[in-house]
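Heads up, the thing below is written out as structure tokens.
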Amino acid sequence: MSSANYYDVTKWPVGNPAEDIGEVFNSIIADIKSRQVATDENKGGKPGAVIYVPPGDYHLRTQVLIDISFLRIQGSGHGFTSSSIRFNVPQDESLDLHELWPGGSRILVDIPLGKDEEESTGAAFYIERSGSPRISAVEFSDFCIDGLHFTPDGSELHPENSYINGKTGIYVANANDSFRVNGMGFVYLEHALTIHNADALSIHDNFIAECGSCIELRGWGQASKITDNLIGAGFKGHSIYAENHGGLLITANNIFPRGASSVYLNGVTRSSVTNNRLHSFYPGMVVLGANSSENLVASNHFLRDLEPWTPFLGVDNGLDDLFGLLCVSGSNNSVIGNHFSEVIDSERIRPASATPVIIRLMAGSSNYVSSNHIVAVDVHAESSNSAFEAQVNALLTTEASDSLVVTAVKVDSESVRNTILDSGSEAEVVVDTKVNAFRATPSVGA
């Protein structure tokens, strides 16, 4: 059954979606607004619409402006495949590749950009509407947004490894309610998702990788969730970043390495980071900063190892091993039942001969750290030109010649009245017991 509120971009009479799907989207949105003018008609009035993007490649040269509620843009496949592997494959292997580009319902971001443009200028989809009520129930589902190429950053890195191009997938400029981003693919964008002032946002079951930053929740927000995603940012950005949020749920995500952080919370309160698998090549995996307080960090698996892929050897996020894998600057947080694996080459510890820190309480008070298990091994780091084989080999290697001495928990003088239980032996925990409560993990044979 057809509907006047269902649109197929390939059947719309205005514009050519293969050449500029942005023009088509904007024309369709204008049509929706021209037809749905009544605010209250039979207790309805503005049902919104669905815009369908069939599988195929669609260049986007005109930014899409969304200023209506109840709009769903959907495709038939997130289409993600690694562009990074393609651009870094040895030249003699490139002719044997089965495909070169992401697929599915794929939007190619070709917005012309000048120098030093505002971030929002390079967004494929720009959502902005002021006034009351807030723009609501805009949904993106099952298509791919591809930034195509990165650009030189002045370093010696291959330009395709810079994570810079000024392009953003989806940019939400102001207060919004009940947005959904589900089943999407984002690749080779400097910013995949940038969302301001979100309420009841759902980012679920997406593949967001090889982007400078993946998910950025800015301004403020409440009662949102980031769940069941596959995520991996570049070394200059965050995989998940949130500021001034309350009631944020970050659960069941598989976060890949190379992001400067896996999860960075800035002034976030009463939120949960639980049951995630977190993998990083650098310290500072999870940061609770700017007085982030009353948060739960529980049942996560942290793996920190070393970069095995030749194109990115020597790249890091600028933090040394004293910073910690989990760093807390805030109060009344609970860090419970996490597993930490520190699998690194002792010869590559920075600063040299330092004892790496796993959990660090940097500032605040009354944090509760309990029943965390830490495995630390010293391995000889190897590298490979094959991203897949190098990473899998590193993940599956559990044998090591020696254990690695680490500081399980370090409590700085600016952090007081904390409770640390069963998260390291007496030798592994650095704490002033005059102003903190401490119970050591029993040692075998003690």
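Naming works like this for the structure tokens: A, B, ... for the chains as they're shown, residue 1 at the start of each chain, ligands 1 onward in shown order.
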query: Please, which residues of range 116-268 of chain A, numbered as in this document, come out helix (DSSP H, G or I) from DSSP, as a ChimeraX atom specification?
result: /A:119-122,159-161
- prompt: Using only C-alpha atoms, which residues sit within 8 Å of Phe323 in chain A once same-chain residues fewer than 3 positions away are excluded, as a PyMOL selection string?
  reply: chain A and resi 283-284+319-320+327+357+360
- line: One residue among A:Val435, A:Met362, A:Val375, A:Leu193 is nearest to Ser415 in chain A when using only C-alpha atoms, and that residue is A:Met362
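Around range 79-86 of chain A, within 8 Å and counting only C-alpha atoms, the residues found are A:Gly77, A:Asn88, A:Val89, A:Ser94, A:Leu100, A:Trp101, A:Pro102, A:Gly103, A:Gly104, A:Ser105, A:Arg106, A:Phe143, A:Cys144, A:Glu160, A:Asn161, A:Gly185, A:Phe186, A:Val187, A:Tyr188, A:Phe207, A:Glu210, A:Ala387, once anything fewer than 2 positions away on its own chain is removed.
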Since we have the selection now, will you write its residues out, keeping C-alpha atoms, as a short mmCIF file (atom, residue, chain, number, x, y, z; two decimals), in the first residue's frame?
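Contents of selection10.cif, freshly written:
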```
data_model
loop_
_atom_site.label_atom_id
_atom_site.label_comp_id
_atom_site.auth_asym_id
_atom_site.auth_seq_id
_atom_site.Cartn_x
_atom_site.Cartn_y
_atom_site.Cartn_z
CA GLY A 77 22.35 -1.91 4.43
CA ASN A 88 47.19 0.82 3.26
CA VAL A 89 47.27 -2.52 1.49
CA SER A 94 45.61 -4.13 -4.42
CA LEU A 100 37.41 -1.09 -3.05
CA TRP A 101 34.69 0.97 -1.40
CA PRO A 102 31.94 0.64 1.22
CA GLY A 103 28.59 -0.49 -0.16
CA GLY A 104 24.95 -0.90 0.81
CA SER A 105 22.87 2.27 0.66
CA ARG A 106 25.91 4.53 0.52
CA PHE A 143 22.66 3.25 5.34
CA CYS A 144 26.30 4.26 5.05
CA GLU A 160 44.69 8.67 4.17
CA ASN A 161 45.74 8.00 7.78
CA GLY A 185 27.64 2.69 8.91
CA PHE A 186 30.05 5.64 9.25
CA VAL A 187 33.52 5.61 7.71
CA TYR A 188 36.29 8.12 6.89
CA PHE A 207 29.23 0.36 12.81
CA GLU A 210 37.86 4.76 10.90
CA ALA A 387 45.95 -5.24 9.78
#
```
message: So that I can see what lies close to Ala49 in chain A, please list as a VMD selection string the residues with an atom at most 10 Å from it, counting only C-alpha atoms and leaving out residues fewer than 2 positions away in the same chain.
response: chain A and resid 3 to 7 28 to 29 32 36 46 to 47 51 to 52 68 to 73 138
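The protein and nucleic acid residues lying at most 7 Å from Arg304 in chain A are A:His279, A:Ser280, A:Phe281, A:Tyr282, A:Phe302, A:Ser341, A:Glu342, A:Val343, with only C-alpha atoms considered and sequence neighbours fewer than 2 positions away removed.
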Those of range 146-289 of chain A in DSSP strand (DSSP E), formatted as a PyMOL selection string: chain A and resi 146+168-172+176-177+180-182+185-187+191-199+202-204+207-211+213-222+225-227+230-233+238-243+245-246+249-251+254-255+261-266+272-274+277-280+286-289
Which residues, written as a PDB file with N, CA and C atoms, in the first residue's frame, have at least one atom at most 9 Å from range 182-184 of chain A, with only C-alpha atoms counted and residues fewer than 5 positions away on the same chain left out?
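Contents of the output file around_38.pdb:
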```
ATOM      1  N   GLY A  75      17.804   3.113   4.746  1.00  0.00           N
ATOM      2  CA  GLY A  75      18.343   2.428   3.588  1.00  0.00           C
ATOM      3  C   GLY A  75      18.156   0.935   3.717  1.00  0.00           C
ATOM      4  N   GLY A  77      21.046  -1.333   4.133  1.00  0.00           N
ATOM      5  CA  GLY A  77      22.349  -1.912   4.432  1.00  0.00           C
ATOM      6  C   GLY A  77      23.357  -0.865   4.830  1.00  0.00           C
ATOM      7  N   HIS A  78      24.050  -1.101   5.974  1.00  0.00           N
ATOM      8  CA  HIS A  78      25.003  -0.104   6.472  1.00  0.00           C
ATOM      9  C   HIS A  78      26.273  -0.044   5.634  1.00  0.00           C
ATOM     10  N   GLY A  79      26.586  -1.095   4.892  1.00  0.00           N
ATOM     11  CA  GLY A  79      27.615  -1.030   3.865  1.00  0.00           C
ATOM     12  C   GLY A  79      29.039  -0.839   4.329  1.00  0.00           C
ATOM     13  N   PHE A  80      29.319  -0.995   5.637  1.00  0.00           N
ATOM     14  CA  PHE A  80      30.673  -0.706   6.100  1.00  0.00           C
ATOM     15  C   PHE A  80      31.671  -1.739   5.594  1.00  0.00           C
ATOM     16  N   GLU A 139      15.058   9.982  12.764  1.00  0.00           N
ATOM     17  CA  GLU A 139      15.712   8.679  12.789  1.00  0.00           C
ATOM     18  C   GLU A 139      16.569   8.473  11.540  1.00  0.00           C
ATOM     19  N   PHE A 140      17.723   7.844  11.756  1.00  0.00           N
ATOM     20  CA  PHE A 140      18.601   7.438  10.659  1.00  0.00           C
ATOM     21  C   PHE A 140      18.821   5.935  10.802  1.00  0.00           C
ATOM     22  N   SER A 141      18.620   5.195   9.725  1.00  0.00           N
ATOM     23  CA  SER A 141      18.664   3.744   9.845  1.00  0.00           C
ATOM     24  C   SER A 141      19.185   3.085   8.575  1.00  0.00           C
ATOM     25  N   ASP A 142      20.152   2.196   8.745  1.00  0.00           N
ATOM     26  CA  ASP A 142      20.526   1.226   7.712  1.00  0.00           C
ATOM     27  C   ASP A 142      21.054   1.825   6.411  1.00  0.00           C
ATOM     28  N   PHE A 143      21.910   2.832   6.529  1.00  0.00           N
ATOM     29  CA  PHE A 143      22.655   3.250   5.338  1.00  0.00           C
ATOM     30  C   PHE A 143      24.038   3.712   5.765  1.00  0.00           C
ATOM     31  N   CYS A 144      24.903   3.944   4.800  1.00  0.00           N
ATOM     32  CA  CYS A 144      26.305   4.260   5.047  1.00  0.00           C
ATOM     33  C   CYS A 144      26.587   5.718   4.679  1.00  0.00           C
ATOM     34  N   ILE A 145      27.307   6.403   5.553  1.00  0.00           N
ATOM     35  CA  ILE A 145      27.803   7.753   5.246  1.00  0.00           C
ATOM     36  C   ILE A 145      29.323   7.651   5.153  1.00  0.00           C
ATOM     37  N   SER A 202      18.921   7.549  21.293  1.00  0.00           N
ATOM     38  CA  SER A 202      19.333   6.152  21.176  1.00  0.00           C
ATOM     39  C   SER A 202      20.301   5.994  20.005  1.00  0.00           C
ATOM     40  N   ILE A 203      21.541   5.579  20.326  1.00  0.00           N
ATOM     41  CA  ILE A 203      22.542   5.253  19.306  1.00  0.00           C
ATOM     42  C   ILE A 203      22.817   3.766  19.467  1.00  0.00           C
ATOM     43  N   HIS A 204      22.286   2.964  18.581  1.00  0.00           N
ATOM     44  CA  HIS A 204      22.229   1.520  18.813  1.00  0.00           C
ATOM     45  C   HIS A 204      22.592   0.727  17.557  1.00  0.00           C
ATOM     46  N   ASP A 205      23.444  -0.272  17.737  1.00  0.00           N
ATOM     47  CA  ASP A 205      23.724  -1.277  16.701  1.00  0.00           C
ATOM     48  C   ASP A 205      24.275  -0.661  15.416  1.00  0.00           C
ATOM     49  N   ASN A 206      25.178   0.311  15.574  1.00  0.00           N
ATOM     50  CA  ASN A 206      25.817   0.933  14.416  1.00  0.00           C
ATOM     51  C   ASN A 206      27.246   0.430  14.259  1.00  0.00           C
ATOM     52  N   PHE A 207      27.815   0.623  13.074  1.00  0.00           N
ATOM     53  CA  PHE A 207      29.228   0.362  12.811  1.00  0.00           C
ATOM     54  C   PHE A 207      29.867   1.710  12.505  1.00  0.00           C
ATOM     55  N   ILE A 208      30.613   2.241  13.505  1.00  0.00           N
ATOM     56  CA  ILE A 208      31.193   3.583  13.392  1.00  0.00           C
ATOM     57  C   ILE A 208      32.690   3.447  13.597  1.00  0.00           C
ATOM     58  N   ASN A 229      27.070  -1.051  19.881  1.00  0.00           N
ATOM     59  CA  ASN A 229      27.724  -0.530  18.688  1.00  0.00           C
ATOM     60  C   ASN A 229      29.122  -1.121  18.525  1.00  0.00           C
TER      61      ASN A 229
END
```
- request: Excluding Val429 in chain A and any residue of its chain fewer than 2 positions from it, enumerate the residues within 7 Å of it, using only C-alpha atoms, and give them as JSON, numbers by chain.
  value: {"A": [407, 408, 409, 410, 424, 425, 426, 427, 431]}
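In this structure, CA of Glu23 in chain A sits 7.5 Å away from CA of Val64 in chain A.
Using only C-alpha atoms, the shortest contact distance between Asn275 in chain A and any of A:Ala260, A:Asp228, A:Gly318, A:Ser413 is found at A:Asp228.
With only C-alpha atoms as the atoms that count, the residue of A:Arg35, A:Asn266, A:Asn300, A:Leu306 with the shortest distance to Leu288 in chain A is A:Asn266.
Using only C-alpha atoms, the shortest contact distance between Cys211 in chain A and any of A:Gly289, A:Gly259, A:Gly246, A:Pro55 is found at A:Gly259.
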Rows by chain and residue number, range 9-78 of chain A within 8 Å of range 122-133 of chain A, shortest pair, only C-alpha atoms, as a Markdown table:
```
| residue | atom | partner | partner_atom | distance |
| --- | --- | --- | --- | --- |
| A:Gly22 | CA | A:Ala124 | CA | 7.9 |
| A:Leu60 | CA | A:Ala124 | CA | 7.1 |
| A:Thr62 | CA | A:Ala124 | CA | 7.8 |
| A:Gln63 | CA | A:Ala124 | CA | 5.2 |
| A:Val64 | CA | A:Phe125 | CA | 4.8 |
| A:Leu65 | CA | A:Tyr126 | CA | 5.0 |
| A:Ile66 | CA | A:Ile127 | CA | 4.7 |
| A:Asp67 | CA | A:Arg129 | CA | 5.2 |
| A:Ile68 | CA | A:Arg129 | CA | 7.7 |
```
Prev. selection, N, CA and C atoms, output as a CSV table (one decimal), in the first residue's frame:
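Saved the output as result_2.csv:
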```csv
chain,number,residue,atom,x,y,z
A,22,GLY,N,21.7,15.2,-1.8
A,22,GLY,CA,21.4,16.3,-0.9
A,22,GLY,C,20.3,17.2,-1.5
A,60,LEU,N,26.7,13.3,-2.3
A,60,LEU,CA,26.0,14.3,-1.6
A,60,LEU,C,26.9,15.6,-1.7
A,62,THR,N,25.2,18.8,-1.7
A,62,THR,CA,24.5,19.9,-1.0
A,62,THR,C,24.1,19.4,0.4
A,63,GLN,N,24.4,20.2,1.4
A,63,GLN,CA,24.1,19.8,2.8
A,63,GLN,C,22.6,19.6,2.9
A,64,VAL,N,22.2,18.6,3.7
A,64,VAL,CA,20.8,18.3,3.9
A,64,VAL,C,20.4,19.0,5.2
A,65,LEU,N,19.4,19.9,5.2
A,65,LEU,CA,18.9,20.6,6.3
A,65,LEU,C,17.6,20.0,6.8
A,66,ILE,N,17.6,19.4,8.0
A,66,ILE,CA,16.4,18.8,8.6
A,66,ILE,C,15.9,19.7,9.7
A,67,ASP,N,14.6,20.2,9.5
A,67,ASP,CA,14.0,21.1,10.5
A,67,ASP,C,12.6,20.7,10.8
A,68,ILE,N,12.3,19.4,10.6
A,68,ILE,CA,11.0,18.8,10.9
A,68,ILE,C,11.1,17.6,11.8
```
